[in-house]
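Source file: input.pdb (PDB, C-alpha atoms, pLDDT in the B column)
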```
ATOM      1  CA  MET A   1      13.899 -73.925-103.658  1.00 56.00           C
ATOM      2  CA  VAL A   2      11.844 -73.662-100.481  1.00 55.00           C
ATOM      3  CA  LYS A   3       8.342 -72.382-100.862  1.00 59.00           C
ATOM      4  CA  THR A   4       7.141 -69.764 -98.418  1.00 57.00           C
ATOM      5  CA  THR A   5       4.142 -71.813 -97.384  1.00 57.00           C
ATOM      6  CA  THR A   6       6.287 -74.801 -96.379  1.00 56.00           C
ATOM      7  CA  ALA A   7       8.713 -72.573 -94.476  1.00 57.00           C
ATOM      8  CA  LEU A   8       5.904 -70.960 -92.467  1.00 57.00           C
ATOM      9  CA  SER A   9       4.148 -74.290 -91.965  1.00 65.00           C
ATOM     10  CA  GLY A  10       0.812 -72.694 -91.174  1.00 63.00           C
ATOM     11  CA  GLN A  11       2.092 -70.067 -88.742  1.00 67.00           C
ATOM     12  CA  HIS A  12       1.163 -66.431 -88.916  1.00 73.00           C
ATOM     13  CA  PHE A  13       3.795 -63.776 -89.526  1.00 72.00           C
ATOM     14  CA  GLY A  14       3.893 -62.565 -85.918  1.00 69.00           C
ATOM     15  CA  GLU A  15       4.405 -66.070 -84.578  1.00 72.00           C
ATOM     16  CA  LEU A  16       7.429 -67.161 -86.612  1.00 72.00           C
ATOM     17  CA  ALA A  17       9.902 -67.243 -83.727  1.00 75.00           C
ATOM     18  CA  LYS A  18       9.618 -67.787 -79.991  1.00 77.00           C
ATOM     19  CA  VAL A  19      11.226 -64.946 -78.081  1.00 76.00           C
ATOM     20  CA  ARG A  20      12.107 -65.722 -74.483  1.00 84.00           C
ATOM     21  CA  GLY A  21      13.294 -63.396 -71.742  1.00 87.00           C
ATOM     22  CA  ILE A  22      11.622 -60.231 -73.065  1.00 86.00           C
ATOM     23  CA  VAL A  23       8.671 -58.848 -71.148  1.00 85.00           C
ATOM     24  CA  VAL A  24       6.223 -56.727 -73.107  1.00 83.00           C
ATOM     25  CA  HIS A  25       3.708 -54.539 -71.302  1.00 82.00           C
ATOM     26  CA  LYS A  26       0.708 -53.264 -73.216  1.00 83.00           C
ATOM     27  CA  LEU A  27      -2.040 -50.918 -72.191  1.00 80.00           C
ATOM     28  CA  SER A  28      -5.464 -51.314 -73.679  1.00 82.00           C
ATOM     29  CA  PRO A  29      -6.480 -48.423 -75.955  1.00 76.00           C
ATOM     30  CA  PHE A  30      -9.655 -48.156 -73.916  1.00 81.00           C
ATOM     31  CA  GLU A  31      -7.656 -47.456 -70.756  1.00 79.00           C
ATOM     32  CA  GLN A  32      -5.405 -44.777 -72.249  1.00 78.00           C
ATOM     33  CA  ARG A  33      -6.068 -41.100 -71.798  1.00 83.00           C
ATOM     34  CA  ALA A  34      -5.135 -39.669 -75.176  1.00 80.00           C
ATOM     35  CA  PHE A  35      -5.545 -36.026 -74.164  1.00 86.00           C
ATOM     36  CA  ALA A  36      -4.271 -36.197 -70.607  1.00 87.00           C
ATOM     37  CA  HIS A  37      -2.680 -32.848 -69.651  1.00 89.00           C
ATOM     38  CA  ALA A  38      -3.132 -31.551 -73.210  1.00 89.00           C
ATOM     39  CA  ILE A  39      -4.077 -28.078 -72.012  1.00 91.00           C
ATOM     40  CA  SER A  40      -1.986 -27.750 -68.851  1.00 93.00           C
ATOM     41  CA  HIS A  41       1.263 -29.111 -70.358  1.00 94.00           C
ATOM     42  CA  GLY A  42       0.651 -28.871 -74.096  1.00 93.00           C
ATOM     43  CA  VAL A  43      -0.079 -25.163 -74.470  1.00 94.00           C
ATOM     44  CA  PRO A  44       2.930 -23.967 -72.430  1.00 95.00           C
ATOM     45  CA  ASN A  45       5.076 -26.466 -74.345  1.00 96.00           C
ATOM     46  CA  ILE A  46       3.946 -24.924 -77.655  1.00 95.00           C
ATOM     47  CA  PHE A  47       5.038 -21.470 -76.494  1.00 96.00           C
ATOM     48  CA  ARG A  48       8.357 -22.822 -75.179  1.00 96.00           C
ATOM     49  CA  ARG A  49       9.105 -24.555 -78.501  1.00 96.00           C
ATOM     50  CA  ILE A  50       8.181 -21.458 -80.529  1.00 95.00           C
ATOM     51  CA  ARG A  51      10.364 -19.261 -78.313  1.00 96.00           C
ATOM     52  CA  SER A  52      13.324 -21.641 -78.635  1.00 96.00           C
ATOM     53  CA  ASN A  53      13.116 -21.886 -82.447  1.00 96.00           C
ATOM     54  CA  ILE A  54      11.997 -18.395 -83.484  1.00 96.00           C
ATOM     55  CA  PHE A  55      15.505 -17.110 -84.176  1.00 96.00           C
ATOM     56  CA  ARG A  56      16.279 -20.153 -86.299  1.00 96.00           C
ATOM     57  CA  VAL A  57      13.102 -20.029 -88.383  1.00 96.00           C
ATOM     58  CA  ALA A  58      12.138 -16.362 -88.641  1.00 97.00           C
ATOM     59  CA  PRO A  59      15.223 -14.812 -90.363  1.00 97.00           C
ATOM     60  CA  PRO A  60      15.078 -17.053 -93.479  1.00 97.00           C
ATOM     61  CA  LEU A  61      11.314 -16.532 -93.727  1.00 97.00           C
ATOM     62  CA  ILE A  62      11.653 -12.747 -93.433  1.00 98.00           C
ATOM     63  CA  LEU A  63      14.510 -12.674 -95.947  1.00 98.00           C
ATOM     64  CA  GLY A  64      12.534 -14.839 -98.361  1.00 98.00           C
ATOM     65  CA  TYR A  65       9.493 -12.573 -98.063  1.00 98.00           C
ATOM     66  CA  LEU A  66      11.571  -9.434 -98.669  1.00 98.00           C
ATOM     67  CA  ILE A  67      13.179 -10.958-101.770  1.00 98.00           C
ATOM     68  CA  TYR A  68       9.792 -12.140-103.062  1.00 98.00           C
ATOM     69  CA  ASP A  69       8.224  -8.707-102.493  1.00 98.00           C
ATOM     70  CA  GLN A  70      11.075  -6.914-104.271  1.00 98.00           C
ATOM     71  CA  VAL A  71      10.924  -9.285-107.249  1.00 98.00           C
ATOM     72  CA  GLU A  72       7.146  -8.817-107.538  1.00 98.00           C
ATOM     73  CA  ARG A  73       7.498  -5.020-107.433  1.00 97.00           C
ATOM     74  CA  THR A  74      10.236  -5.099-110.081  1.00 97.00           C
ATOM     75  CA  HIS A  75       8.166  -7.406-112.299  1.00 97.00           C
ATOM     76  CA  THR A  76       5.148  -5.096-112.016  1.00 96.00           C
ATOM     77  CA  ALA A  77       7.298  -2.050-112.827  1.00 93.00           C
ATOM     78  CA  TYR A  78       8.789  -3.740-115.908  1.00 93.00           C
ATOM     79  CA  GLY A  79       5.307  -4.670-117.094  1.00 93.00           C
ATOM     80  CA  ARG A  80       4.153  -1.015-117.225  1.00 92.00           C
ATOM     81  CA  LYS A  81       4.552   1.215-120.220  1.00 89.00           C
ATOM     82  CA  ASN A  82       6.593   4.390-119.867  1.00 86.00           C
ATOM     83  CA  PRO A  83       4.287   7.387-120.601  1.00 84.00           C
ATOM     84  CA  ALA A  84       7.274   9.478-121.755  1.00 87.00           C
ATOM     85  CA  GLU A  85       7.783   7.198-124.759  1.00 87.00           C
ATOM     86  CA  PHE A  86       4.280   7.995-126.051  1.00 86.00           C
ATOM     87  CA  ALA A  87       4.250  11.772-125.410  1.00 87.00           C
ATOM     88  CA  ASN A  88       4.655  12.747-129.115  1.00 84.00           C
ATOM     89  CA  ASP A  89       2.157  10.228-130.532  1.00 81.00           C
ATOM     90  CA  GLU A  90      -0.999  11.484-132.133  1.00 72.00           C
TER      91      GLU A  90
END
```

Structure re-expressed in structure tokens:
Amino acid sequence: MVKTTTALSGQHFGELAKVRGIVVHKLSPFEQRAFAHAISHGVPNIFRRIRSNIFRVAPPLILGYLIYDQVERTHTAYGRKNPAEFANDE
């Protein structure tokens, strides 16, 4: 049985193997522009994505709302008393 500490031999998890031939480029978080072109490209992209998916998303939502509304109306109607049943009561 090999213990984990002897297998790592004092190395950290990210330094367990030497990888050669792979170049990794990193950009400092302080040099990134997180909101670059957020307004000029982002807002038109939102409208384009909504327009492309509206016919896929809207029909099930509309159908679900119509079913829900009809069920609620039926439930409310069944919960009411019929005044004709109590016409002869004193």

Produce the centre coordinates and the three edge lengths, each in Å to one decimal, of the box along x, y and z that contains all listed atoms of region 80-88 of chain A with 4 Å added on each side, as AutoDock Vina command-line options.
```
--center_x 6.0 --center_y 5.9 --center_z -123.2 --size_x 11.6 --size_y 21.8 --size_z 19.9
```

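One finds CA of Asn53 (chain A) at 18.4 Å from CA of His41 (chain A).
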
**Message:** Just to confirm, what's the straight-line distance from CA of Glu15 (chain A) to CA of Pro29 (chain A) in Å (one decimal)?
**Reply:**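 Taking CA of Glu15 (chain A) and CA of Pro29 (chain A), their separation equals 22.5 Å.
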